[in-house]
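Below: protein.txt (compact mmCIF, C-alpha atoms)
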# COMPACT_ATOMS: atom_id res chain seq x y z
CA MET A 72 -17.67 -10.76 -22.18
CA SER A 73 -14.34 -8.88 -22.12
CA GLU A 74 -11.30 -10.96 -23.07
CA PHE A 75 -7.68 -9.91 -22.63
CA LEU A 76 -4.69 -11.51 -24.39
CA GLY A 77 -1.35 -11.16 -22.59
CA GLU A 78 2.15 -10.67 -23.93
CA ARG A 79 3.16 -13.95 -22.27
CA GLY A 80 0.35 -15.96 -23.80
CA GLY A 81 -2.30 -15.64 -21.12
CA ARG A 82 -5.97 -15.40 -22.08
CA PHE A 83 -8.17 -13.79 -19.41
CA VAL A 84 -11.91 -13.19 -19.13
CA LEU A 85 -12.81 -10.15 -17.04
CA GLY A 86 -14.99 -10.69 -13.97
CA ASN A 87 -16.36 -8.63 -11.09
CA VAL A 88 -14.62 -5.62 -9.57
CA LEU A 89 -12.53 -6.55 -6.54
CA VAL A 90 -11.42 -3.08 -5.47
CA GLU A 91 -11.02 0.36 -7.07
CA GLY A 92 -8.16 2.73 -6.33
CA ARG A 93 -7.25 6.21 -7.55
CA ARG A 94 -5.18 4.93 -10.46
CA SER A 95 -6.57 1.50 -11.28
CA VAL A 96 -9.37 -1.01 -10.86
CA LEU A 97 -8.75 -4.63 -9.84
CA HIS A 98 -11.05 -7.24 -11.37
CA LEU A 99 -11.36 -10.92 -10.72
CA ALA A 100 -10.64 -12.86 -13.93
CA GLU A 101 -10.76 -16.36 -15.33
CA PRO A 102 -8.71 -18.52 -15.20
CA GLU A 103 -7.72 -17.71 -11.61
CA ALA A 104 -6.14 -14.26 -11.79
CA VAL A 105 -6.64 -10.64 -10.82
CA LEU A 106 -6.56 -8.12 -13.68
CA LYS A 107 -5.37 -4.62 -12.85
CA LEU A 108 -6.77 -2.12 -15.35
CA PHE A 109 -5.10 1.30 -15.29
CA LYS A 110 -7.19 4.41 -15.55
CA PRO A 111 -6.31 6.56 -18.59
CA GLY A 112 -3.40 8.99 -18.60
CA LEU A 113 -1.70 8.12 -15.31
CA GLU A 114 2.08 7.90 -15.19
CA PRO A 115 2.35 5.25 -12.43
CA GLY A 116 0.72 2.68 -14.70
CA ARG A 117 3.37 3.15 -17.40
CA LYS A 118 6.08 3.16 -14.74
CA GLU A 119 4.86 -0.10 -13.25
CA TRP A 120 5.25 -1.84 -16.61
CA GLY A 121 8.90 -0.77 -16.59
CA LEU A 122 9.62 -2.50 -13.26
CA PHE A 123 9.38 -6.05 -14.62
CA GLY A 124 12.46 -7.96 -13.53
CA LYS A 125 13.71 -5.16 -11.26
CA LEU A 126 11.64 -5.70 -8.11
CA PRO A 127 12.74 -8.52 -5.79
CA VAL A 128 10.81 -11.77 -6.02
CA GLN A 129 9.92 -12.44 -2.38
CA ASP A 130 7.15 -13.85 -0.24
CA GLY A 131 4.44 -11.25 0.33
CA LEU A 132 4.93 -9.30 -2.91
CA LEU A 133 2.19 -9.89 -5.48
CA LEU A 134 4.01 -9.27 -8.75
CA PRO A 135 2.46 -9.41 -12.26
CA PHE A 136 2.97 -12.50 -14.40
CA ASP A 137 1.48 -11.20 -17.67
CA TRP A 138 0.43 -7.88 -19.17
CA GLY A 139 -1.12 -6.05 -22.09
CA GLU A 140 -1.87 -2.48 -23.08
CA ASN A 141 -3.06 -0.65 -19.94
CA TRP A 142 -3.37 -3.78 -17.78
CA LEU A 143 -1.45 -6.30 -15.69
CA ALA A 144 -2.34 -9.84 -14.59
CA LEU A 145 -1.64 -10.74 -10.95
CA PRO A 146 -1.89 -14.10 -9.16
CA PHE A 147 -5.33 -14.74 -7.68
CA ARG A 148 -5.83 -14.25 -3.95
CA SER A 149 -9.21 -15.40 -2.63
CA GLY A 150 -9.50 -13.22 0.50
CA GLY A 151 -10.32 -9.93 -1.24
CA SER A 152 -8.61 -6.69 -0.23
CA LEU A 153 -7.72 -5.20 3.12
CA LYS A 154 -10.00 -2.30 2.16
CA GLY A 155 -12.96 -4.67 2.30
CA LEU A 156 -11.84 -6.11 5.62
CA LEU A 157 -11.58 -2.61 7.11
CA ARG A 158 -15.15 -1.86 6.02
CA GLU A 159 -16.28 -4.95 7.93
CA GLY A 160 -14.32 -3.91 11.04
CA LYS A 161 -12.58 -7.30 11.25
CA VAL A 162 -8.90 -6.38 11.07
CA PRO A 163 -6.57 -8.35 13.42
CA VAL A 164 -4.12 -5.46 13.71
CA PRO A 165 -1.21 -7.10 15.61
CA GLY A 166 -1.02 -10.03 13.18
CA LEU A 167 -1.43 -7.77 10.15
CA LEU A 168 1.25 -5.42 11.46
CA ARG A 169 3.68 -8.28 12.01
CA SER A 170 3.12 -9.72 8.52
CA LEU A 171 3.45 -6.40 6.70
CA LEU A 172 6.54 -5.43 8.69
CA GLY A 173 8.20 -8.66 7.55
CA ILE A 174 7.39 -7.87 3.93
CA LEU A 175 8.67 -4.30 4.26
CA GLU A 176 11.85 -5.36 6.03
CA ASN A 177 12.79 -7.56 3.06
CA LEU A 178 11.72 -4.99 0.46
CA HIS A 179 13.75 -2.22 2.12
CA ALA A 180 16.77 -4.54 2.44
CA GLU A 181 16.66 -4.89 -1.35
CA GLY A 182 16.82 -1.10 -1.69
CA TRP A 183 13.18 -0.40 -2.60
CA VAL A 184 10.52 1.79 -0.97
CA HIS A 185 6.90 1.02 -1.89
CA ARG A 186 5.50 4.56 -1.32
CA ASP A 187 1.83 3.63 -1.74
CA LEU A 188 0.96 1.34 1.13
CA SER A 189 -2.83 1.48 1.43
CA PRO A 190 -5.70 -0.96 2.12
CA ALA A 191 -6.61 -1.08 -1.57
CA ASN A 192 -3.07 -2.24 -2.42
CA ILE A 193 -3.03 -5.15 0.02
CA LEU A 194 -4.74 -8.37 -1.11
CA LEU A 195 -5.46 -11.28 1.20
CA ASP A 196 -5.29 -15.00 0.61
CA ALA A 197 -7.67 -17.59 2.07
CA ALA A 198 -5.79 -17.50 5.39
CA GLU A 199 -5.97 -13.66 5.42
CA LYS A 200 -2.23 -13.42 4.87
CA PRO A 201 -1.50 -10.01 3.25
CA TRP A 202 0.16 -9.64 -0.15
CA LEU A 203 1.45 -6.23 -1.18
CA THR A 204 0.79 -5.08 -4.73
CA ASP A 205 0.74 -1.87 -6.84
CA PHE A 206 4.31 -0.70 -7.40
CA GLY A 207 3.49 2.31 -9.58
CA CYS A 208 4.95 4.72 -7.01
CA ALA A 209 7.91 2.53 -5.93
CA LEU A 210 11.37 4.08 -5.92
CA ARG A 211 14.88 3.07 -5.09
CA LEU A 212 15.96 4.00 -1.58
CA ASP A 213 16.94 7.68 -1.14
CA THR A 214 15.74 8.59 -4.65
CA VAL A 215 14.27 12.06 -4.99
CA PRO A 216 11.19 11.62 -7.19
CA ALA A 217 10.50 13.65 -10.26
CA VAL A 218 6.81 12.89 -9.96
CA SER A 219 3.48 14.23 -11.04
CA ARG A 220 0.55 14.58 -8.64
CA ASP A 221 -0.37 10.98 -9.45
CA GLY A 222 2.95 9.69 -8.09
CA LEU A 223 2.46 10.98 -4.55
CA GLY A 224 0.74 7.89 -3.18
CA THR A 225 -2.67 7.73 -1.49
CA PRO A 226 -3.18 10.96 0.52
CA ALA A 227 -4.96 9.34 3.48
CA TYR A 228 -1.99 7.03 4.13
CA ALA A 229 1.10 8.69 2.63
CA PRO A 230 3.56 10.46 4.97
CA PRO A 231 3.62 14.26 4.91
CA GLU A 232 7.14 14.48 3.47
CA GLN A 233 6.09 12.31 0.52
CA LEU A 234 3.04 14.45 -0.23
CA LEU A 235 5.42 17.42 -0.30
CA GLY A 236 7.77 15.73 -2.79
CA GLY A 237 10.47 14.45 -0.44
CA PRO A 238 12.85 11.52 -1.04
CA ALA A 239 11.99 7.85 -0.61
CA PHE A 240 13.10 6.15 2.60
CA PRO A 241 11.77 3.31 4.81
CA GLN A 242 10.19 5.58 7.43
CA GLY A 243 7.71 6.71 4.77
CA ASP A 244 6.38 3.18 4.32
CA LEU A 245 6.26 2.79 8.10
CA TYR A 246 4.11 5.93 8.38
CA ALA A 247 1.67 4.52 5.83
CA LEU A 248 1.56 1.24 7.73
CA GLY A 249 0.82 3.19 10.91
CA SER A 250 -2.06 4.93 9.15
CA ILE A 251 -3.54 1.58 8.12
CA CYS A 252 -3.21 0.19 11.66
CA TYR A 253 -4.73 3.36 13.16
CA GLU A 254 -7.77 2.89 10.95
CA GLY A 255 -7.94 -0.80 11.83
CA LEU A 256 -7.92 0.01 15.55
CA THR A 257 -10.26 3.01 15.58
CA GLY A 258 -12.40 2.67 12.44
CA LEU A 259 -11.20 6.10 11.26
CA PRO A 260 -8.20 7.33 9.23
CA PRO A 261 -5.78 9.43 11.31
CA PHE A 262 -6.28 12.50 9.10
CA GLU A 263 -8.81 13.75 6.59
CA THR A 264 -8.68 12.51 3.03
CA GLY A 265 -9.07 14.69 -0.05
CA PHE A 266 -6.62 17.07 -1.67
CA PRO A 267 -3.00 15.99 -1.01
CA GLU A 268 -1.96 19.54 -0.10
CA ARG A 269 -4.68 19.87 2.56
CA THR A 270 -3.97 16.46 4.00
CA ALA A 271 -0.22 17.13 4.02
CA ALA A 272 -0.72 20.40 5.86
CA ARG A 273 -2.74 18.67 8.57
CA LYS A 274 -0.16 15.92 8.87
CA VAL A 275 2.74 18.36 9.14
CA GLY A 276 0.98 20.65 11.59
CA GLY A 277 -0.82 18.29 13.93
CA VAL A 278 -1.19 14.87 15.47
CA PRO A 279 -4.13 12.46 15.18
CA ARG A 280 -6.45 11.89 18.11
CA PRO A 281 -4.97 9.40 20.58
CA ILE A 282 -5.97 5.86 19.70
CA ARG A 283 -7.15 4.97 23.20
CA GLU A 284 -9.36 8.05 23.26
CA LEU A 285 -11.26 6.56 20.32
CA ALA A 286 -10.82 2.90 21.25
CA PRO A 287 -10.06 2.45 24.99
CA GLU A 288 -9.85 -1.34 24.63
CA VAL A 289 -6.63 -1.13 22.55
CA PRO A 290 -3.61 -2.18 24.65
CA ALA A 291 -1.49 0.85 25.58
CA PRO A 292 1.81 -0.54 24.13
CA LEU A 293 0.18 -1.23 20.75
CA ALA A 294 -1.42 2.23 20.67
CA ALA A 295 1.91 3.86 21.53
CA LEU A 296 3.72 1.92 18.79
CA VAL A 297 1.22 2.90 16.08
CA GLU A 298 1.32 6.54 17.23
CA ASP A 299 5.13 6.48 16.98
CA LEU A 300 4.80 5.38 13.37
CA LEU A 301 2.61 8.45 12.76
CA GLN A 302 5.12 11.05 13.94
CA ALA A 303 5.13 13.97 11.47
CA ASP A 304 8.93 14.22 11.69
CA PRO A 305 10.35 11.06 10.08
CA ARG A 306 13.40 11.27 12.38
CA LYS A 307 11.08 10.58 15.33
CA ARG A 308 9.65 7.41 13.80
CA PRO A 309 11.27 4.01 14.29
CA PRO A 310 14.14 3.80 11.79
CA SER A 311 13.34 0.35 10.41
CA ALA A 312 10.72 -2.36 10.16
CA ARG A 313 12.98 -4.60 12.26
CA GLU A 314 12.91 -2.18 15.18
CA VAL A 315 9.11 -2.08 15.05
CA LEU A 316 8.96 -5.89 14.96
CA ASP A 317 11.19 -6.02 18.02
CA ARG A 318 8.66 -3.86 19.91
CA LEU A 319 5.68 -6.08 19.13
Could you rewrite the structure in this file as structure tokens?
Amino acid sequence: MSEFLGERGGRFVLGNVLVEGRRSVLHLAEPEAVLKLFKPGLEPGRKEWGLFGKLPVQDGLLLPFDWGENWLALPFRSGGSLKGLLREGKVPVPGLLRSLLGILENLHAEGWVHRDLSPANILLDAAEKPWLTDFGCALRLDTVPAVSRDGLGTPAYAPPEQLLGGPAFPQGDLYALGSICYEGLTGLPPFETGFPERTAARKVGGVPRPIRELAPEVPAPLAALVEDLLQADPRKRPPSAREVLDRL
């Protein structure tokens, strides 16, 4: 039995793995919590500790409530992760898109860009409402990151300009959201995963296969909206989450 004692007095017993990402592993824990254990030597973990009290407290953001050395405690959400739902092929994309756009609209209005929107970083409650977590790559709006390779986000979902070290702005989060929705609609990521440089080159130089070519049953307006989010040039993407919501 692995027991963790938090700085705020919490006592947690580690349970089964919920989801594993590139920088951390999420475990179920008792009493009802999710423990995020950082993998050794990664800067985003140390950075995330430093964001306590700075990120906005809002509906849809799953923020830590206790912590220790190399770990954070998050509120429990019983629906697992969006990554698991994608594996099962049961993603209600329009509803998911609407919920996440609402979260992003509020986050961007507070001057923050998440920069690592991915299925592993979205937990679901019993009603399958999404909750966004993992703020290790988050930056203030328009900040130019001085980041290591580990601060570039998740290559399969991150926008090309972010993988190349560009500044943080809302259209980057919208690109990542488009990547998630593309996978939810087609069963495939829009571009190959792997080395960030290779994925970035493909994203800069090409476009993903049309959604309706892979999934003809997807309504044309929804397919067109998701494909607009995946424009390589951020100036060609919708400028805000509100504009995308207005098109749904």
Counting only C-alpha atoms, which residues of segment 184-264 of chain A fall within 8 Å of segment 138-153 of chain A, and what is the closest atom pair for each with its distance in Å at one decimal, ordered by chain and rising number, as CSV?
residue,atom,partner,partner_atom,distance
A:Pro190,CA,A:Leu153,CA,4.8
A:Ala191,CA,A:Ser152,CA,6.1
A:Asn192,CA,A:Ser152,CA,7.4
A:Ile193,CA,A:Leu153,CA,5.6
A:Leu194,CA,A:Ser152,CA,4.3
A:Leu195,CA,A:Gly150,CA,4.5
A:Asp196,CA,A:Gly150,CA,4.6
A:Ala197,CA,A:Gly150,CA,5.0
A:Ala198,CA,A:Gly150,CA,7.5
A:Glu199,CA,A:Gly150,CA,6.1
A:Pro201,CA,A:Leu153,CA,7.9
Trp183 of chain A environment, 6 Å, only C-alpha atoms, sequence neighbours closer than 6 positions dropped, as a PDB file with C-alpha atoms, in the frame of the given file:
ATOM      1  CA  LEU A 210      11.370   4.080  -5.920  1.00  0.00           C
ATOM      2  CA  ARG A 211      14.880   3.070  -5.090  1.00  0.00           C
ATOM      3  CA  LEU A 212      15.960   4.000  -1.580  1.00  0.00           C
TER       4      LEU A 212
END
Give me the residues of segment 123-207 of chain A that have any atom at most 9 Å from an atom of segment 245-266 of chain A; for each, the nearest atom pair and the distance in Å, rounded to one decimal. Use only C-alpha atoms, sort by chain and number, and format it as a Markdown table.
| residue | atom | partner | partner_atom | distance |
| --- | --- | --- | --- | --- |
| A:Leu157 | CA | A:Gly255 | CA | 6.2 |
| A:Arg158 | CA | A:Gly258 | CA | 8.3 |
| A:Gly160 | CA | A:Gly258 | CA | 7.0 |
| A:Lys161 | CA | A:Gly255 | CA | 8.0 |
| A:Val162 | CA | A:Gly255 | CA | 5.7 |
| A:Pro163 | CA | A:Gly255 | CA | 7.8 |
| A:Val164 | CA | A:Cys252 | CA | 6.1 |
| A:Pro165 | CA | A:Cys252 | CA | 8.5 |
| A:Leu167 | CA | A:Cys252 | CA | 8.3 |
| A:Leu168 | CA | A:Cys252 | CA | 7.2 |
| A:Leu171 | CA | A:Leu248 | CA | 7.9 |
| A:Leu172 | CA | A:Leu245 | CA | 8.2 |
| A:Leu175 | CA | A:Leu245 | CA | 8.4 |
| A:Arg186 | CA | A:Ala247 | CA | 8.1 |
| A:Asp187 | CA | A:Ala247 | CA | 7.6 |
| A:Leu188 | CA | A:Ala247 | CA | 5.7 |
| A:Ser189 | CA | A:Ile251 | CA | 6.7 |
| A:Pro190 | CA | A:Ile251 | CA | 6.9 |
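Atom CA of Ser170 of chain A sits 18.3 Å away from atom CA of Phe206 of chain A.
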**OP:** Using all atoms listed in the file, determine which residues lie at most 12 Å from segment 106-112 of chain A, disregarding the query and same-chain residues fewer than 6 positions distant; provide the list as a PyMOL selection string.
**Re:** chain A and resi 73-77+81-100+118-120+133-148+191-192+204-207+219+221
Subject >> Between atom CA of Ala229 of chain A and atom CA of Pro279 of chain A - distance in Å to one decimal >> reply: 14.1 Å
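Across the structure, atom CA of Pro127 of chain A and atom CA of Glu181 of chain A are spaced 6.9 Å apart.
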Original post:
With all atoms listed in the file as the basis for distance, which of A:Arg313, A:Lys274, A:Arg318, A:Arg283 is at the shortest distance from Leu296 of chain A?
Top reply: A:Arg318
**OP:** List the neighbours of Phe240 of chain A out to 8 Å using only C-alpha atoms; skip same-chain residues closer than 4 positions along the sequence, and give me the result as an MDAnalysis selection string.
**Re:** chainID A and resid 184 212:213 244
Original post:
Which residue, A:Pro231, A:Gly80, A:Gly182, A:Pro102, has the smallest gap to Pro305 of chain A when you use all atoms listed in the file?
Top reply: A:Pro231
Subject >> From A:Pro226, A:Gly243, A:Gly173, A:Gly166, residue lying nearest Arg308 of chain A [only C-alpha atoms] >> reply: A:Gly243
**OP:** Name the residues, using the chain letters and numbers of the file, that sit within 6 Å of (15.2, 10.8, -4.1) when counting all atoms listed in the file, and give them as a PyMOL selection string.
**Re:** chain A and resi 213-216+238-239
Is it possible to add all heavy atoms to segment 93-104 of chain A and hand it back as a PDB file, in the coordinates of the input?
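Contents of the output file result37.pdb:
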ATOM      1  N   ARG A  93      -7.283   4.933  -6.820  1.00  0.00           N
ATOM      2  CA  ARG A  93      -7.250   6.210  -7.550  1.00  0.00           C
ATOM      3  C   ARG A  93      -6.727   6.033  -8.967  1.00  0.00           C
ATOM      4  O   ARG A  93      -7.114   6.761  -9.869  1.00  0.00           O
ATOM      5  CB  ARG A  93      -6.361   7.214  -6.821  1.00  0.00           C
ATOM      6  CG  ARG A  93      -6.898   7.673  -5.478  1.00  0.00           C
ATOM      7  CD  ARG A  93      -6.117   8.854  -4.938  1.00  0.00           C
ATOM      8  NE  ARG A  93      -4.688   8.625  -4.975  1.00  0.00           N
ATOM      9  CZ  ARG A  93      -3.816   9.372  -5.666  1.00  0.00           C
ATOM     10  NH1 ARG A  93      -4.244  10.372  -6.402  1.00  0.00           N
ATOM     11  NH2 ARG A  93      -2.521   9.106  -5.621  1.00  0.00           N
ATOM     12  N   ARG A  94      -5.839   5.053  -9.167  1.00  0.00           N
ATOM     13  CA  ARG A  94      -5.180   4.930 -10.460  1.00  0.00           C
ATOM     14  C   ARG A  94      -5.584   3.690 -11.250  1.00  0.00           C
ATOM     15  O   ARG A  94      -5.242   3.578 -12.422  1.00  0.00           O
ATOM     16  CB  ARG A  94      -3.664   4.918 -10.260  1.00  0.00           C
ATOM     17  CG  ARG A  94      -3.105   6.187  -9.638  1.00  0.00           C
ATOM     18  CD  ARG A  94      -1.592   6.140  -9.567  1.00  0.00           C
ATOM     19  NE  ARG A  94      -1.116   4.958  -8.860  1.00  0.00           N
ATOM     20  CZ  ARG A  94      -0.971   4.898  -7.547  1.00  0.00           C
ATOM     21  NH1 ARG A  94      -1.276   5.939  -6.806  1.00  0.00           N
ATOM     22  NH2 ARG A  94      -0.524   3.796  -6.972  1.00  0.00           N
ATOM     23  N   SER A  95      -6.275   2.760 -10.604  1.00  0.00           N
ATOM     24  CA  SER A  95      -6.570   1.500 -11.280  1.00  0.00           C
ATOM     25  C   SER A  95      -7.781   0.825 -10.650  1.00  0.00           C
ATOM     26  O   SER A  95      -8.231   1.203  -9.575  1.00  0.00           O
ATOM     27  CB  SER A  95      -5.356   0.570 -11.215  1.00  0.00           C
ATOM     28  OG  SER A  95      -5.055   0.258  -9.865  1.00  0.00           O
ATOM     29  N   VAL A  96      -8.265  -0.180 -11.358  1.00  0.00           N
ATOM     30  CA  VAL A  96      -9.370  -1.010 -10.860  1.00  0.00           C
ATOM     31  C   VAL A  96      -8.912  -2.462 -10.947  1.00  0.00           C
ATOM     32  O   VAL A  96      -8.383  -2.901 -11.977  1.00  0.00           O
ATOM     33  CB  VAL A  96     -10.656  -0.817 -11.691  1.00  0.00           C
ATOM     34  CG1 VAL A  96     -11.789  -1.654 -11.111  1.00  0.00           C
ATOM     35  CG2 VAL A  96     -11.046   0.652 -11.748  1.00  0.00           C
ATOM     36  N   LEU A  97      -9.084  -3.217  -9.854  1.00  0.00           N
ATOM     37  CA  LEU A  97      -8.750  -4.630  -9.840  1.00  0.00           C
ATOM     38  C   LEU A  97     -10.012  -5.455 -10.064  1.00  0.00           C
ATOM     39  O   LEU A  97     -11.011  -5.273  -9.373  1.00  0.00           O
ATOM     40  CB  LEU A  97      -8.108  -5.028  -8.507  1.00  0.00           C
ATOM     41  CG  LEU A  97      -6.797  -4.343  -8.123  1.00  0.00           C
ATOM     42  CD1 LEU A  97      -6.253  -4.941  -6.832  1.00  0.00           C
ATOM     43  CD2 LEU A  97      -5.772  -4.435  -9.229  1.00  0.00           C
ATOM     44  N   HIS A  98      -9.942  -6.347 -11.046  1.00  0.00           N
ATOM     45  CA  HIS A  98     -11.050  -7.240 -11.370  1.00  0.00           C
ATOM     46  C   HIS A  98     -10.635  -8.681 -11.125  1.00  0.00           C
ATOM     47  O   HIS A  98      -9.490  -9.059 -11.397  1.00  0.00           O
ATOM     48  CB  HIS A  98     -11.434  -7.130 -12.854  1.00  0.00           C
ATOM     49  CG  HIS A  98     -12.113  -5.862 -13.227  1.00  0.00           C
ATOM     50  ND1 HIS A  98     -13.477  -5.788 -13.448  1.00  0.00           N
ATOM     51  CD2 HIS A  98     -11.628  -4.616 -13.448  1.00  0.00           C
ATOM     52  CE1 HIS A  98     -13.786  -4.538 -13.787  1.00  0.00           C
ATOM     53  NE2 HIS A  98     -12.689  -3.815 -13.795  1.00  0.00           N
ATOM     54  N   LEU A  99     -11.560  -9.483 -10.649  1.00  0.00           N
ATOM     55  CA  LEU A  99     -11.360 -10.920 -10.720  1.00  0.00           C
ATOM     56  C   LEU A  99     -11.406 -11.336 -12.177  1.00  0.00           C
ATOM     57  O   LEU A  99     -12.057 -10.695 -13.009  1.00  0.00           O
ATOM     58  CB  LEU A  99     -12.452 -11.642  -9.926  1.00  0.00           C
ATOM     59  CG  LEU A  99     -12.498 -11.340  -8.427  1.00  0.00           C
ATOM     60  CD1 LEU A  99     -13.687 -12.043  -7.783  1.00  0.00           C
ATOM     61  CD2 LEU A  99     -11.204 -11.757  -7.751  1.00  0.00           C
ATOM     62  N   ALA A 100     -10.680 -12.407 -12.539  1.00  0.00           N
ATOM     63  CA  ALA A 100     -10.640 -12.860 -13.930  1.00  0.00           C
ATOM     64  C   ALA A 100     -10.516 -14.368 -13.959  1.00  0.00           C
ATOM     65  O   ALA A 100     -10.087 -15.010 -13.002  1.00  0.00           O
ATOM     66  CB  ALA A 100      -9.467 -12.201 -14.661  1.00  0.00           C
ATOM     67  N   GLU A 101     -10.915 -14.929 -15.086  1.00  0.00           N
ATOM     68  CA  GLU A 101     -10.760 -16.360 -15.330  1.00  0.00           C
ATOM     69  C   GLU A 101      -9.721 -16.556 -16.443  1.00  0.00           C
ATOM     70  O   GLU A 101      -9.685 -15.783 -17.401  1.00  0.00           O
ATOM     71  CB  GLU A 101     -12.096 -16.968 -15.768  1.00  0.00           C
ATOM     72  CG  GLU A 101     -13.160 -16.954 -14.689  1.00  0.00           C
ATOM     73  CD  GLU A 101     -12.846 -17.899 -13.537  1.00  0.00           C
ATOM     74  OE1 GLU A 101     -11.990 -18.801 -13.724  1.00  0.00           O
ATOM     75  OE2 GLU A 101     -13.428 -17.717 -12.461  1.00  0.00           O
ATOM     76  N   PRO A 102      -8.857 -17.628 -16.350  1.00  0.00           N
ATOM     77  CA  PRO A 102      -8.710 -18.520 -15.200  1.00  0.00           C
ATOM     78  C   PRO A 102      -8.068 -17.781 -14.026  1.00  0.00           C
ATOM     79  O   PRO A 102      -7.613 -16.662 -14.190  1.00  0.00           O
ATOM     80  CB  PRO A 102      -7.800 -19.624 -15.725  1.00  0.00           C
ATOM     81  CG  PRO A 102      -6.982 -18.951 -16.768  1.00  0.00           C
ATOM     82  CD  PRO A 102      -7.885 -17.931 -17.413  1.00  0.00           C
ATOM     83  N   GLU A 103      -8.005 -18.375 -12.871  1.00  0.00           N
ATOM     84  CA  GLU A 103      -7.720 -17.710 -11.610  1.00  0.00           C
ATOM     85  C   GLU A 103      -6.638 -16.639 -11.708  1.00  0.00           C
ATOM     86  O   GLU A 103      -5.448 -16.942 -11.784  1.00  0.00           O
ATOM     87  CB  GLU A 103      -7.331 -18.729 -10.541  1.00  0.00           C
ATOM     88  CG  GLU A 103      -8.480 -19.619 -10.110  1.00  0.00           C
ATOM     89  CD  GLU A 103      -8.130 -20.413  -8.871  1.00  0.00           C
ATOM     90  OE1 GLU A 103      -6.932 -20.530  -8.565  1.00  0.00           O
ATOM     91  OE2 GLU A 103      -9.051 -20.906  -8.213  1.00  0.00           O
ATOM     92  N   ALA A 104      -7.065 -15.389 -11.713  1.00  0.00           N
ATOM     93  CA  ALA A 104      -6.140 -14.260 -11.790  1.00  0.00           C
ATOM     94  C   ALA A 104      -6.882 -13.010 -11.317  1.00  0.00           C
ATOM     95  O   ALA A 104      -8.101 -12.999 -11.153  1.00  0.00           O
ATOM     96  CB  ALA A 104      -5.636 -14.065 -13.212  1.00  0.00           C
TER      97      ALA A 104
END
